[in-house]
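*Asks:* Got a structure for you, data_39.cif, holding mmCIF, N, CA and C atoms.
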```
data_target
loop_
_atom_site.label_atom_id
_atom_site.label_comp_id
_atom_site.auth_asym_id
_atom_site.auth_seq_id
_atom_site.Cartn_x
_atom_site.Cartn_y
_atom_site.Cartn_z
N MET A 1 -17.68 -2.38 -3.38
CA MET A 1 -16.33 -1.81 -3.33
C MET A 1 -15.43 -2.73 -2.49
N PRO A 2 -14.23 -3.05 -3.01
CA PRO A 2 -13.30 -3.90 -2.25
C PRO A 2 -12.86 -3.22 -0.95
N HIS A 3 -12.51 -4.05 0.02
CA HIS A 3 -12.06 -3.56 1.33
C HIS A 3 -10.71 -4.16 1.68
N GLU A 4 -10.08 -3.57 2.69
CA GLU A 4 -8.77 -4.04 3.16
C GLU A 4 -8.80 -5.53 3.51
N HIS A 5 -9.91 -5.99 4.11
CA HIS A 5 -9.96 -7.40 4.51
C HIS A 5 -10.01 -8.35 3.31
N ASP A 6 -10.19 -7.81 2.10
CA ASP A 6 -10.15 -8.65 0.89
C ASP A 6 -8.71 -9.04 0.53
N LEU A 7 -7.75 -8.25 0.97
CA LEU A 7 -6.35 -8.52 0.65
C LEU A 7 -5.84 -9.72 1.45
N PRO A 8 -4.90 -10.48 0.90
CA PRO A 8 -4.37 -11.65 1.61
C PRO A 8 -3.28 -11.27 2.62
N LEU A 9 -3.59 -10.32 3.52
CA LEU A 9 -2.55 -9.79 4.41
C LEU A 9 -2.06 -10.81 5.44
N ALA A 10 -2.92 -11.66 5.95
CA ALA A 10 -2.46 -12.67 6.92
C ALA A 10 -1.44 -13.60 6.26
N GLU A 11 -1.74 -14.03 5.05
CA GLU A 11 -0.82 -14.92 4.33
C GLU A 11 0.45 -14.15 3.93
N TYR A 12 0.29 -12.90 3.58
CA TYR A 12 1.43 -12.06 3.21
C TYR A 12 2.37 -11.88 4.40
N HIS A 13 1.81 -11.66 5.58
CA HIS A 13 2.65 -11.55 6.77
C HIS A 13 3.29 -12.89 7.11
N ARG A 14 2.57 -13.98 6.90
CA ARG A 14 3.17 -15.30 7.11
C ARG A 14 4.35 -15.51 6.16
N ALA A 15 4.23 -14.97 4.94
CA ALA A 15 5.32 -15.08 3.97
C ALA A 15 6.59 -14.42 4.50
N GLY A 16 6.43 -13.29 5.22
CA GLY A 16 7.59 -12.63 5.82
C GLY A 16 8.26 -13.50 6.87
N VAL A 17 7.45 -14.15 7.68
CA VAL A 17 8.01 -15.06 8.68
C VAL A 17 8.72 -16.22 7.99
N GLU A 18 8.10 -16.77 6.96
CA GLU A 18 8.70 -17.90 6.24
C GLU A 18 10.03 -17.52 5.60
N ILE A 19 10.10 -16.33 4.99
CA ILE A 19 11.36 -15.96 4.33
C ILE A 19 12.46 -15.75 5.36
N THR A 20 12.11 -15.28 6.58
CA THR A 20 13.14 -15.13 7.61
C THR A 20 13.56 -16.49 8.19
N ASN A 21 12.90 -17.54 7.73
CA ASN A 21 13.30 -18.91 8.06
C ASN A 21 13.88 -19.62 6.84
N GLY A 22 14.22 -18.85 5.81
CA GLY A 22 14.86 -19.41 4.63
C GLY A 22 13.92 -19.95 3.57
N ASN A 23 12.62 -19.72 3.71
CA ASN A 23 11.64 -20.29 2.78
C ASN A 23 10.94 -19.19 1.97
N PRO A 24 11.23 -19.06 0.67
CA PRO A 24 10.59 -18.03 -0.15
C PRO A 24 9.25 -18.46 -0.76
N ASP A 25 8.83 -19.70 -0.52
CA ASP A 25 7.69 -20.26 -1.26
C ASP A 25 6.36 -19.56 -1.02
N VAL A 26 6.12 -19.05 0.18
CA VAL A 26 4.84 -18.38 0.44
C VAL A 26 4.79 -17.06 -0.33
N TYR A 27 5.88 -16.30 -0.31
CA TYR A 27 5.91 -15.09 -1.14
C TYR A 27 5.67 -15.45 -2.60
N LYS A 28 6.34 -16.48 -3.07
CA LYS A 28 6.17 -16.88 -4.47
C LYS A 28 4.73 -17.22 -4.79
N SER A 29 4.03 -17.86 -3.87
CA SER A 29 2.63 -18.24 -4.12
C SER A 29 1.73 -17.01 -4.23
N LEU A 30 2.12 -15.91 -3.63
CA LEU A 30 1.31 -14.69 -3.62
C LEU A 30 1.64 -13.74 -4.77
N TYR A 31 2.74 -13.99 -5.46
CA TYR A 31 3.24 -13.07 -6.47
C TYR A 31 2.61 -13.27 -7.84
N SER A 32 2.43 -12.18 -8.55
CA SER A 32 2.00 -12.22 -9.95
C SER A 32 3.06 -12.91 -10.78
N ARG A 33 2.64 -13.67 -11.76
CA ARG A 33 3.58 -14.32 -12.69
C ARG A 33 3.77 -13.51 -13.96
N ARG A 34 3.21 -12.33 -14.01
CA ARG A 34 3.25 -11.51 -15.21
C ARG A 34 4.59 -10.78 -15.35
N ASP A 35 4.87 -10.34 -16.57
CA ASP A 35 6.16 -9.72 -16.89
C ASP A 35 6.38 -8.39 -16.20
N ASP A 36 5.31 -7.75 -15.71
CA ASP A 36 5.49 -6.44 -15.07
C ASP A 36 5.63 -6.54 -13.55
N ALA A 37 5.70 -7.74 -13.00
CA ALA A 37 5.93 -7.91 -11.57
C ALA A 37 7.33 -7.41 -11.22
N THR A 38 7.44 -6.72 -10.08
CA THR A 38 8.74 -6.16 -9.68
C THR A 38 9.00 -6.41 -8.19
N LEU A 39 10.28 -6.43 -7.85
CA LEU A 39 10.71 -6.61 -6.47
C LEU A 39 11.95 -5.77 -6.24
N ALA A 40 11.92 -4.98 -5.17
CA ALA A 40 13.10 -4.21 -4.74
C ALA A 40 13.31 -4.54 -3.27
N ASN A 41 14.33 -5.33 -2.98
CA ASN A 41 14.59 -5.70 -1.59
C ASN A 41 15.92 -5.13 -1.12
N PRO A 42 16.23 -5.24 0.17
CA PRO A 42 17.44 -4.60 0.70
C PRO A 42 18.75 -5.18 0.19
N PHE A 43 18.71 -6.30 -0.52
CA PHE A 43 19.94 -6.99 -0.88
C PHE A 43 20.45 -6.70 -2.29
N GLY A 44 19.74 -5.88 -3.05
CA GLY A 44 20.20 -5.60 -4.40
C GLY A 44 19.27 -4.67 -5.14
N PRO A 45 19.56 -4.45 -6.42
CA PRO A 45 18.74 -3.53 -7.21
C PRO A 45 17.37 -4.14 -7.54
N PRO A 46 16.44 -3.30 -7.96
CA PRO A 46 15.11 -3.81 -8.34
C PRO A 46 15.20 -4.77 -9.52
N VAL A 47 14.28 -5.72 -9.54
CA VAL A 47 14.20 -6.66 -10.66
C VAL A 47 12.77 -6.66 -11.20
N ARG A 48 12.64 -7.08 -12.46
CA ARG A 48 11.33 -7.09 -13.13
C ARG A 48 11.14 -8.43 -13.83
N GLY A 49 9.90 -8.93 -13.77
CA GLY A 49 9.54 -10.19 -14.42
C GLY A 49 9.59 -11.34 -13.43
N TRP A 50 8.70 -12.31 -13.63
CA TRP A 50 8.57 -13.40 -12.67
C TRP A 50 9.87 -14.16 -12.45
N SER A 51 10.61 -14.46 -13.50
CA SER A 51 11.83 -15.24 -13.34
C SER A 51 12.83 -14.52 -12.44
N ALA A 52 13.01 -13.22 -12.67
CA ALA A 52 13.94 -12.45 -11.85
C ALA A 52 13.42 -12.29 -10.42
N VAL A 53 12.11 -12.07 -10.27
CA VAL A 53 11.52 -11.96 -8.93
C VAL A 53 11.72 -13.26 -8.16
N SER A 54 11.44 -14.39 -8.81
CA SER A 54 11.57 -15.69 -8.16
C SER A 54 13.00 -15.96 -7.69
N SER A 55 13.98 -15.72 -8.56
CA SER A 55 15.36 -15.97 -8.17
C SER A 55 15.84 -14.99 -7.10
N THR A 56 15.34 -13.75 -7.13
CA THR A 56 15.69 -12.77 -6.10
C THR A 56 15.10 -13.17 -4.75
N LEU A 57 13.89 -13.70 -4.75
CA LEU A 57 13.31 -14.21 -3.50
C LEU A 57 14.14 -15.37 -2.95
N ASP A 58 14.63 -16.24 -3.82
CA ASP A 58 15.49 -17.34 -3.38
C ASP A 58 16.76 -16.80 -2.71
N LEU A 59 17.38 -15.80 -3.34
CA LEU A 59 18.60 -15.22 -2.78
C LEU A 59 18.33 -14.53 -1.45
N ALA A 60 17.21 -13.82 -1.35
CA ALA A 60 16.86 -13.15 -0.10
C ALA A 60 16.66 -14.17 1.01
N ALA A 61 15.93 -15.24 0.73
CA ALA A 61 15.65 -16.27 1.73
C ALA A 61 16.94 -16.90 2.24
N ALA A 62 17.94 -17.02 1.37
CA ALA A 62 19.22 -17.63 1.76
C ALA A 62 19.96 -16.78 2.79
N ASN A 63 19.55 -15.52 2.97
CA ASN A 63 20.21 -14.64 3.94
C ASN A 63 19.66 -14.76 5.35
N TYR A 64 18.59 -15.52 5.53
CA TYR A 64 17.92 -15.59 6.83
C TYR A 64 17.78 -17.01 7.33
N ARG A 65 17.68 -17.11 8.68
CA ARG A 65 17.28 -18.37 9.30
C ARG A 65 16.80 -18.09 10.73
N ASP A 66 16.05 -19.02 11.26
CA ASP A 66 15.54 -18.95 12.65
C ASP A 66 14.76 -17.67 12.93
N GLY A 67 13.91 -17.27 11.99
CA GLY A 67 13.17 -16.02 12.14
C GLY A 67 11.84 -16.17 12.85
N GLU A 68 11.39 -15.04 13.40
CA GLU A 68 10.06 -14.96 14.00
C GLU A 68 9.56 -13.53 13.84
N ALA A 69 8.25 -13.39 13.76
CA ALA A 69 7.64 -12.07 13.64
C ALA A 69 7.64 -11.37 14.98
N VAL A 70 7.93 -10.08 14.96
CA VAL A 70 7.79 -9.24 16.13
C VAL A 70 6.51 -8.41 15.98
N GLY A 71 6.26 -7.92 14.76
CA GLY A 71 5.04 -7.17 14.53
C GLY A 71 4.98 -6.55 13.16
N PHE A 72 3.78 -6.12 12.79
CA PHE A 72 3.52 -5.47 11.51
C PHE A 72 2.74 -4.20 11.81
N GLU A 73 3.37 -3.06 11.55
CA GLU A 73 2.73 -1.77 11.80
C GLU A 73 2.21 -1.22 10.48
N ASN A 74 0.91 -1.15 10.34
CA ASN A 74 0.32 -0.62 9.12
C ASN A 74 0.33 0.90 9.18
N VAL A 75 0.92 1.50 8.16
CA VAL A 75 0.93 2.95 8.02
C VAL A 75 -0.25 3.38 7.18
N SER A 76 -0.53 2.63 6.11
CA SER A 76 -1.63 2.97 5.21
C SER A 76 -2.00 1.77 4.36
N THR A 77 -3.28 1.64 4.09
CA THR A 77 -3.77 0.65 3.13
C THR A 77 -4.88 1.31 2.32
N ILE A 78 -4.74 1.22 1.01
CA ILE A 78 -5.74 1.75 0.09
C ILE A 78 -6.13 0.61 -0.85
N VAL A 79 -7.43 0.39 -1.01
CA VAL A 79 -7.91 -0.68 -1.88
C VAL A 79 -8.86 -0.09 -2.91
N GLY A 80 -8.53 -0.30 -4.19
CA GLY A 80 -9.39 0.09 -5.30
C GLY A 80 -10.01 -1.14 -5.92
N GLU A 81 -10.60 -0.96 -7.08
CA GLU A 81 -11.25 -2.09 -7.76
C GLU A 81 -10.24 -3.19 -8.14
N ASP A 82 -9.13 -2.80 -8.79
CA ASP A 82 -8.18 -3.78 -9.28
C ASP A 82 -6.75 -3.59 -8.78
N LEU A 83 -6.50 -2.49 -8.07
CA LEU A 83 -5.19 -2.23 -7.49
C LEU A 83 -5.35 -1.84 -6.03
N ALA A 84 -4.37 -2.23 -5.22
CA ALA A 84 -4.36 -1.87 -3.80
C ALA A 84 -2.90 -1.73 -3.38
N TYR A 85 -2.69 -0.98 -2.29
CA TYR A 85 -1.33 -0.94 -1.76
C TYR A 85 -1.36 -0.84 -0.25
N THR A 86 -0.27 -1.29 0.34
CA THR A 86 -0.05 -1.14 1.77
C THR A 86 1.32 -0.53 1.99
N VAL A 87 1.42 0.22 3.06
CA VAL A 87 2.71 0.71 3.55
C VAL A 87 2.79 0.24 4.99
N GLU A 88 3.83 -0.51 5.30
CA GLU A 88 3.96 -1.10 6.63
C GLU A 88 5.41 -1.09 7.09
N ILE A 89 5.59 -1.19 8.39
CA ILE A 89 6.88 -1.49 8.98
C ILE A 89 6.78 -2.94 9.47
N GLU A 90 7.62 -3.80 8.90
CA GLU A 90 7.65 -5.21 9.30
C GLU A 90 8.84 -5.41 10.24
N SER A 91 8.60 -6.06 11.37
CA SER A 91 9.66 -6.30 12.34
C SER A 91 9.77 -7.79 12.64
N TYR A 92 11.00 -8.27 12.64
CA TYR A 92 11.30 -9.68 12.86
C TYR A 92 12.50 -9.80 13.80
N ARG A 93 12.78 -11.01 14.20
CA ARG A 93 14.04 -11.39 14.82
C ARG A 93 14.52 -12.59 14.03
N ALA A 94 15.80 -12.58 13.63
CA ALA A 94 16.32 -13.67 12.81
C ALA A 94 17.85 -13.67 12.84
N ARG A 95 18.40 -14.74 12.37
CA ARG A 95 19.84 -14.81 12.10
C ARG A 95 20.00 -14.32 10.66
N VAL A 96 20.92 -13.37 10.46
CA VAL A 96 21.10 -12.75 9.14
C VAL A 96 22.50 -13.07 8.64
N GLY A 97 22.57 -13.48 7.36
CA GLY A 97 23.86 -13.84 6.79
C GLY A 97 24.42 -15.05 7.51
N GLY A 98 25.70 -15.03 7.81
CA GLY A 98 26.32 -16.15 8.50
C GLY A 98 26.36 -15.97 10.01
N ALA A 99 25.68 -14.95 10.53
CA ALA A 99 25.73 -14.65 11.96
C ALA A 99 25.08 -15.75 12.79
N GLU A 100 25.62 -15.97 13.96
CA GLU A 100 25.04 -16.94 14.89
C GLU A 100 24.01 -16.30 15.80
N GLU A 101 24.09 -14.99 15.95
CA GLU A 101 23.21 -14.27 16.86
C GLU A 101 21.88 -13.92 16.18
N VAL A 102 20.80 -14.11 16.91
CA VAL A 102 19.49 -13.65 16.44
C VAL A 102 19.42 -12.15 16.73
N VAL A 103 19.07 -11.37 15.69
CA VAL A 103 19.05 -9.91 15.82
C VAL A 103 17.71 -9.35 15.36
N PRO A 104 17.38 -8.14 15.81
CA PRO A 104 16.17 -7.50 15.30
C PRO A 104 16.37 -7.05 13.85
N VAL A 105 15.34 -7.22 13.05
CA VAL A 105 15.34 -6.80 11.65
C VAL A 105 14.03 -6.05 11.42
N SER A 106 14.14 -4.81 10.93
CA SER A 106 12.94 -4.06 10.58
C SER A 106 13.10 -3.48 9.19
N VAL A 107 12.03 -3.53 8.40
CA VAL A 107 12.03 -2.96 7.06
C VAL A 107 10.74 -2.17 6.85
N ARG A 108 10.87 -1.07 6.11
CA ARG A 108 9.66 -0.38 5.66
C ARG A 108 9.31 -0.98 4.31
N VAL A 109 8.04 -1.25 4.13
CA VAL A 109 7.61 -2.01 2.96
C VAL A 109 6.42 -1.33 2.30
N THR A 110 6.53 -1.16 1.01
CA THR A 110 5.39 -0.75 0.19
C THR A 110 5.07 -1.93 -0.72
N THR A 111 3.83 -2.36 -0.69
CA THR A 111 3.40 -3.48 -1.52
C THR A 111 2.21 -3.06 -2.36
N VAL A 112 2.30 -3.35 -3.64
CA VAL A 112 1.20 -3.09 -4.56
C VAL A 112 0.59 -4.45 -4.93
N PHE A 113 -0.72 -4.56 -4.72
CA PHE A 113 -1.46 -5.75 -5.09
C PHE A 113 -2.30 -5.45 -6.33
N ARG A 114 -2.48 -6.46 -7.18
CA ARG A 114 -3.36 -6.33 -8.34
C ARG A 114 -4.30 -7.53 -8.36
N ARG A 115 -5.54 -7.26 -8.71
CA ARG A 115 -6.51 -8.35 -8.85
C ARG A 115 -6.25 -9.05 -10.18
N GLU A 116 -5.98 -10.34 -10.11
CA GLU A 116 -5.74 -11.17 -11.29
C GLU A 116 -6.61 -12.40 -11.18
N ASP A 117 -7.51 -12.59 -12.12
CA ASP A 117 -8.42 -13.75 -12.10
C ASP A 117 -9.12 -13.88 -10.75
N ALA A 118 -9.62 -12.75 -10.25
CA ALA A 118 -10.41 -12.68 -9.01
C ALA A 118 -9.57 -12.86 -7.74
N LEU A 119 -8.24 -12.98 -7.85
CA LEU A 119 -7.37 -13.10 -6.68
C LEU A 119 -6.45 -11.89 -6.61
N TRP A 120 -6.15 -11.44 -5.39
CA TRP A 120 -5.17 -10.39 -5.22
C TRP A 120 -3.77 -10.99 -5.26
N LYS A 121 -2.94 -10.49 -6.16
CA LYS A 121 -1.56 -10.94 -6.31
C LYS A 121 -0.61 -9.78 -6.04
N VAL A 122 0.57 -10.07 -5.54
CA VAL A 122 1.58 -9.04 -5.34
C VAL A 122 2.14 -8.67 -6.71
N LEU A 123 2.03 -7.39 -7.05
CA LEU A 123 2.59 -6.88 -8.29
C LEU A 123 3.96 -6.27 -8.03
N HIS A 124 4.12 -5.64 -6.87
CA HIS A 124 5.38 -4.99 -6.53
C HIS A 124 5.59 -5.01 -5.01
N ARG A 125 6.82 -5.24 -4.61
CA ARG A 125 7.21 -5.14 -3.20
C ARG A 125 8.52 -4.37 -3.15
N HIS A 126 8.54 -3.35 -2.32
CA HIS A 126 9.76 -2.61 -2.06
C HIS A 126 9.99 -2.63 -0.56
N ALA A 127 11.12 -3.18 -0.14
CA ALA A 127 11.47 -3.25 1.28
C ALA A 127 12.88 -2.70 1.46
N ASP A 128 13.03 -1.81 2.43
CA ASP A 128 14.36 -1.31 2.75
C ASP A 128 14.46 -1.08 4.25
N PRO A 129 15.68 -0.95 4.76
CA PRO A 129 15.86 -0.86 6.21
C PRO A 129 15.68 0.54 6.80
N ILE A 130 15.14 1.48 6.05
CA ILE A 130 14.99 2.83 6.57
C ILE A 130 13.69 2.92 7.37
N THR A 131 13.81 2.82 8.68
CA THR A 131 12.63 2.86 9.56
C THR A 131 12.74 3.97 10.61
N ALA A 132 13.79 4.77 10.52
CA ALA A 132 14.00 5.89 11.44
C ALA A 132 14.57 7.06 10.65
N PRO A 133 14.45 8.28 11.18
CA PRO A 133 15.00 9.43 10.47
C PRO A 133 16.50 9.27 10.22
N ARG A 134 16.94 9.81 9.09
CA ARG A 134 18.37 9.78 8.73
C ARG A 134 18.79 11.18 8.31
N PRO A 135 20.11 11.46 8.40
CA PRO A 135 20.59 12.78 7.98
C PRO A 135 20.52 12.93 6.46
N PRO A 136 20.46 14.16 5.96
CA PRO A 136 20.40 14.38 4.52
C PRO A 136 21.55 13.70 3.77
N GLU A 137 22.71 13.64 4.38
CA GLU A 137 23.89 13.05 3.73
C GLU A 137 23.74 11.55 3.47
N SER A 138 22.75 10.93 4.08
CA SER A 138 22.58 9.48 3.90
C SER A 138 22.22 9.11 2.47
N VAL A 139 21.79 10.07 1.66
CA VAL A 139 21.44 9.76 0.27
C VAL A 139 22.63 9.88 -0.67
N ILE A 140 23.77 10.34 -0.16
CA ILE A 140 24.96 10.51 -1.01
C ILE A 140 25.59 9.15 -1.29
N GLU A 141 25.83 8.87 -2.58
CA GLU A 141 26.51 7.63 -2.96
C GLU A 141 27.97 7.70 -2.53
N ARG A 142 28.45 6.62 -1.98
CA ARG A 142 29.85 6.57 -1.54
C ARG A 142 30.64 5.67 -2.43
#
```
Any chance you could give the structure as structure tokens?
*Replies:*
Amino acid sequence: MPHEHDLPLAEYHRAGVEITNGNPDVYKSLYSRRDDATLANPFGPPVRGWSAVSSTLDLAAANYRDGEAVGFENVSTIVGEDLAYTVEIESYRARVGGAEEVVPVSVRVTTVFRREDALWKVLHRHADPITAPRPPESVIER
């Protein structure tokens, strides 16, 4: 039976540090190239398919520089035969957008991994900035 330590979590966490330094390549190396790969990040709507995922990672990386990891809080990890997922809070410090100041950045992340040709690949990543309770009205579109 597969275990949590089978997942490429150290490299996946390194990918987060790299993207906060403007480099999407580590995430790209971990991602599935199949048409059902998806990405939902804080900068736009979800995308599907490797081409859209790749270009969205490029755009996300362009929003960051001078990043460093603060920590990765695992909420849950489940590993099956061919699918696995993690739920984590990822925390960084980075310059965001055109800002000169290094600021704290935290995202809640759900990642689905799939075994492809004996390797675990990222099939889906959803990251958003909701890491603390919010009022019910926060879901209302403005």
*Asks:* Could you write out as a VMD selection string the residues that the PyMOL selection byres (((chain A and resi 106-122 and name CA) around 9) and name CA) matches in the shown file?
*Replies:* chain A and resid 6 to 8 27 29 to 33 37 to 38 42 79 81 to 93 104 to 105 123 to 131
*Asks:* Identify, with DSSP run on backbone atoms, the residues in chain A assigned to helix (DSSP H, G or I), and express the list as a PyMOL selection string.
*Replies:* chain A and resi 4-6+9-19+25-30+50-61+136-139
*Asks:* In terms of the shortest atom-to-atom distance over only C-alpha atoms, which of A:Pro46, A:Gly80, A:Gly67, A:Pro135 is closest to Ala94 of chain A?
*Replies:* A:Gly67
*Asks:* Can you work out which one of A:Ala132, A:Leu9, A:Val17, A:Val139 has the shortest atom-to-atom distance to Glu68 of chain A, counting all atoms listed in the file?
*Replies:* A:Val17
*Asks:* Could you state the separation of atom C of Gly71 of chain A and atom C of Leu39 of chain A in Å, given to one decimal place?
*Replies:* 20.6 Å
*Asks:* For Val102 of chain A, which residue among A:Arg65, A:Thr56, A:Pro136, A:Gly44 is the nearest when counting only N, CA and C atoms?
*Replies:* A:Arg65
*Asks:* What does the structure give for the distance between atom N of Ala69 of chain A and atom CA of Ser55 of chain A, in Å to one decimal?
*Replies:*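 Value for the atom N of Ala69 of chain A-atom CA of Ser55 of chain A distance: 23.2 Å.
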*Asks:* Please measure the separation of atom CA of Phe72 of chain A and atom N of Asp58 of chain A, giving the value in Å to one decimal.
*Replies:* 21.8 Å
*Asks:* If you run DSSP on the backbone, which residues of segment 7-120 of chain A are strand (DSSP E), as a VMD selection string?
*Replies:* chain A and resid 38 to 40 47 to 48 64 to 79 83 to 96 102 to 116 119 to 120
*Asks:* Let's have the selection written as a short mmCIF file (atom, residue, chain, number, x, y, z; two decimals), in the coordinates of the input, with N, CA and C atoms.
*Replies:*
```cif
data_model
loop_
_atom_site.label_atom_id
_atom_site.label_comp_id
_atom_site.auth_asym_id
_atom_site.auth_seq_id
_atom_site.Cartn_x
_atom_site.Cartn_y
_atom_site.Cartn_z
N THR A 38 7.44 -6.72 -10.08
CA THR A 38 8.74 -6.16 -9.68
C THR A 38 9.00 -6.41 -8.19
N LEU A 39 10.28 -6.43 -7.85
CA LEU A 39 10.71 -6.61 -6.47
C LEU A 39 11.95 -5.77 -6.24
N ALA A 40 11.92 -4.98 -5.17
CA ALA A 40 13.10 -4.21 -4.74
C ALA A 40 13.31 -4.54 -3.27
N VAL A 47 14.28 -5.72 -9.54
CA VAL A 47 14.20 -6.66 -10.66
C VAL A 47 12.77 -6.66 -11.20
N ARG A 48 12.64 -7.08 -12.46
CA ARG A 48 11.33 -7.09 -13.13
C ARG A 48 11.14 -8.43 -13.83
N TYR A 64 18.59 -15.52 5.53
CA TYR A 64 17.92 -15.59 6.83
C TYR A 64 17.78 -17.01 7.33
N ARG A 65 17.68 -17.11 8.68
CA ARG A 65 17.28 -18.37 9.30
C ARG A 65 16.80 -18.09 10.73
N ASP A 66 16.05 -19.02 11.26
CA ASP A 66 15.54 -18.95 12.65
C ASP A 66 14.76 -17.67 12.93
N GLY A 67 13.91 -17.27 11.99
CA GLY A 67 13.17 -16.02 12.14
C GLY A 67 11.84 -16.17 12.85
N GLU A 68 11.39 -15.04 13.40
CA GLU A 68 10.06 -14.96 14.00
C GLU A 68 9.56 -13.53 13.84
N ALA A 69 8.25 -13.39 13.76
CA ALA A 69 7.64 -12.07 13.64
C ALA A 69 7.64 -11.37 14.98
N VAL A 70 7.93 -10.08 14.96
CA VAL A 70 7.79 -9.24 16.13
C VAL A 70 6.51 -8.41 15.98
N GLY A 71 6.26 -7.92 14.76
CA GLY A 71 5.04 -7.17 14.53
C GLY A 71 4.98 -6.55 13.16
N PHE A 72 3.78 -6.12 12.79
CA PHE A 72 3.52 -5.47 11.51
C PHE A 72 2.74 -4.20 11.81
N GLU A 73 3.37 -3.06 11.55
CA GLU A 73 2.73 -1.77 11.80
C GLU A 73 2.21 -1.22 10.48
N ASN A 74 0.91 -1.15 10.34
CA ASN A 74 0.32 -0.62 9.12
C ASN A 74 0.33 0.90 9.18
N VAL A 75 0.92 1.50 8.16
CA VAL A 75 0.93 2.95 8.02
C VAL A 75 -0.25 3.38 7.18
N SER A 76 -0.53 2.63 6.11
CA SER A 76 -1.63 2.97 5.21
C SER A 76 -2.00 1.77 4.36
N THR A 77 -3.28 1.64 4.09
CA THR A 77 -3.77 0.65 3.13
C THR A 77 -4.88 1.31 2.32
N ILE A 78 -4.74 1.22 1.01
CA ILE A 78 -5.74 1.75 0.09
C ILE A 78 -6.13 0.61 -0.85
N VAL A 79 -7.43 0.39 -1.01
CA VAL A 79 -7.91 -0.68 -1.88
C VAL A 79 -8.86 -0.09 -2.91
N LEU A 83 -6.50 -2.49 -8.07
CA LEU A 83 -5.19 -2.23 -7.49
C LEU A 83 -5.35 -1.84 -6.03
N ALA A 84 -4.37 -2.23 -5.22
CA ALA A 84 -4.36 -1.87 -3.80
C ALA A 84 -2.90 -1.73 -3.38
N TYR A 85 -2.69 -0.98 -2.29
CA TYR A 85 -1.33 -0.94 -1.76
C TYR A 85 -1.36 -0.84 -0.25
N THR A 86 -0.27 -1.29 0.34
CA THR A 86 -0.05 -1.14 1.77
C THR A 86 1.32 -0.53 1.99
N VAL A 87 1.42 0.22 3.06
CA VAL A 87 2.71 0.71 3.55
C VAL A 87 2.79 0.24 4.99
N GLU A 88 3.83 -0.51 5.30
CA GLU A 88 3.96 -1.10 6.63
C GLU A 88 5.41 -1.09 7.09
N ILE A 89 5.59 -1.19 8.39
CA ILE A 89 6.88 -1.49 8.98
C ILE A 89 6.78 -2.94 9.47
N GLU A 90 7.62 -3.80 8.90
CA GLU A 90 7.65 -5.21 9.30
C GLU A 90 8.84 -5.41 10.24
N SER A 91 8.60 -6.06 11.37
CA SER A 91 9.66 -6.30 12.34
C SER A 91 9.77 -7.79 12.64
N TYR A 92 11.00 -8.27 12.64
CA TYR A 92 11.30 -9.68 12.86
C TYR A 92 12.50 -9.80 13.80
N ARG A 93 12.78 -11.01 14.20
CA ARG A 93 14.04 -11.39 14.82
C ARG A 93 14.52 -12.59 14.03
N ALA A 94 15.80 -12.58 13.63
CA ALA A 94 16.32 -13.67 12.81
C ALA A 94 17.85 -13.67 12.84
N ARG A 95 18.40 -14.74 12.37
CA ARG A 95 19.84 -14.81 12.10
C ARG A 95 20.00 -14.32 10.66
N VAL A 96 20.92 -13.37 10.46
CA VAL A 96 21.10 -12.75 9.14
C VAL A 96 22.50 -13.07 8.64
N VAL A 102 20.80 -14.11 16.91
CA VAL A 102 19.49 -13.65 16.44
C VAL A 102 19.42 -12.15 16.73
N VAL A 103 19.07 -11.37 15.69
CA VAL A 103 19.05 -9.91 15.82
C VAL A 103 17.71 -9.35 15.36
N PRO A 104 17.38 -8.14 15.81
CA PRO A 104 16.17 -7.50 15.30
C PRO A 104 16.37 -7.05 13.85
N VAL A 105 15.34 -7.22 13.05
CA VAL A 105 15.34 -6.80 11.65
C VAL A 105 14.03 -6.05 11.42
N SER A 106 14.14 -4.81 10.93
CA SER A 106 12.94 -4.06 10.58
C SER A 106 13.10 -3.48 9.19
N VAL A 107 12.03 -3.53 8.40
CA VAL A 107 12.03 -2.96 7.06
C VAL A 107 10.74 -2.17 6.85
N ARG A 108 10.87 -1.07 6.11
CA ARG A 108 9.66 -0.38 5.66
C ARG A 108 9.31 -0.98 4.31
N VAL A 109 8.04 -1.25 4.13
CA VAL A 109 7.61 -2.01 2.96
C VAL A 109 6.42 -1.33 2.30
N THR A 110 6.53 -1.16 1.01
CA THR A 110 5.39 -0.75 0.19
C THR A 110 5.07 -1.93 -0.72
N THR A 111 3.83 -2.36 -0.69
CA THR A 111 3.40 -3.48 -1.52
C THR A 111 2.21 -3.06 -2.36
N VAL A 112 2.30 -3.35 -3.64
CA VAL A 112 1.20 -3.09 -4.56
C VAL A 112 0.59 -4.45 -4.93
N PHE A 113 -0.72 -4.56 -4.72
CA PHE A 113 -1.46 -5.75 -5.09
C PHE A 113 -2.30 -5.45 -6.33
N ARG A 114 -2.48 -6.46 -7.18
CA ARG A 114 -3.36 -6.33 -8.34
C ARG A 114 -4.30 -7.53 -8.36
N ARG A 115 -5.54 -7.26 -8.71
CA ARG A 115 -6.51 -8.35 -8.85
C ARG A 115 -6.25 -9.05 -10.18
N GLU A 116 -5.98 -10.34 -10.11
CA GLU A 116 -5.74 -11.17 -11.29
C GLU A 116 -6.61 -12.40 -11.18
N LEU A 119 -8.24 -12.98 -7.85
CA LEU A 119 -7.37 -13.10 -6.68
C LEU A 119 -6.45 -11.89 -6.61
N TRP A 120 -6.15 -11.44 -5.39
CA TRP A 120 -5.17 -10.39 -5.22
C TRP A 120 -3.77 -10.99 -5.26
#
```
*Asks:* Using only C-alpha atoms, pick whichever of A:Asn23, A:Thr77, A:Ala62, A:His13 has the shortest atom-to-atom distance to Gly97 of chain A.
*Replies:*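 Closest candidate: A:Ala62.
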*Asks:* Measuring between only N, CA and C atoms, which one of A:His5, A:Arg95, A:Arg14, A:Arg48 shows the shortest distance to Val26 of chain A?
*Replies:*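 Selected residue with least distance to Val26 of chain A: A:Arg14.
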*Asks:* Compare A:Glu73, A:Glu18, A:Asp36, A:Glu101 by their minimum atom-to-atom distance to Ala61 of chain A, counting all atoms listed in the file, and give me the closest one.
*Replies:*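 Result for the nearest residue to Ala61 of chain A: A:Glu18.
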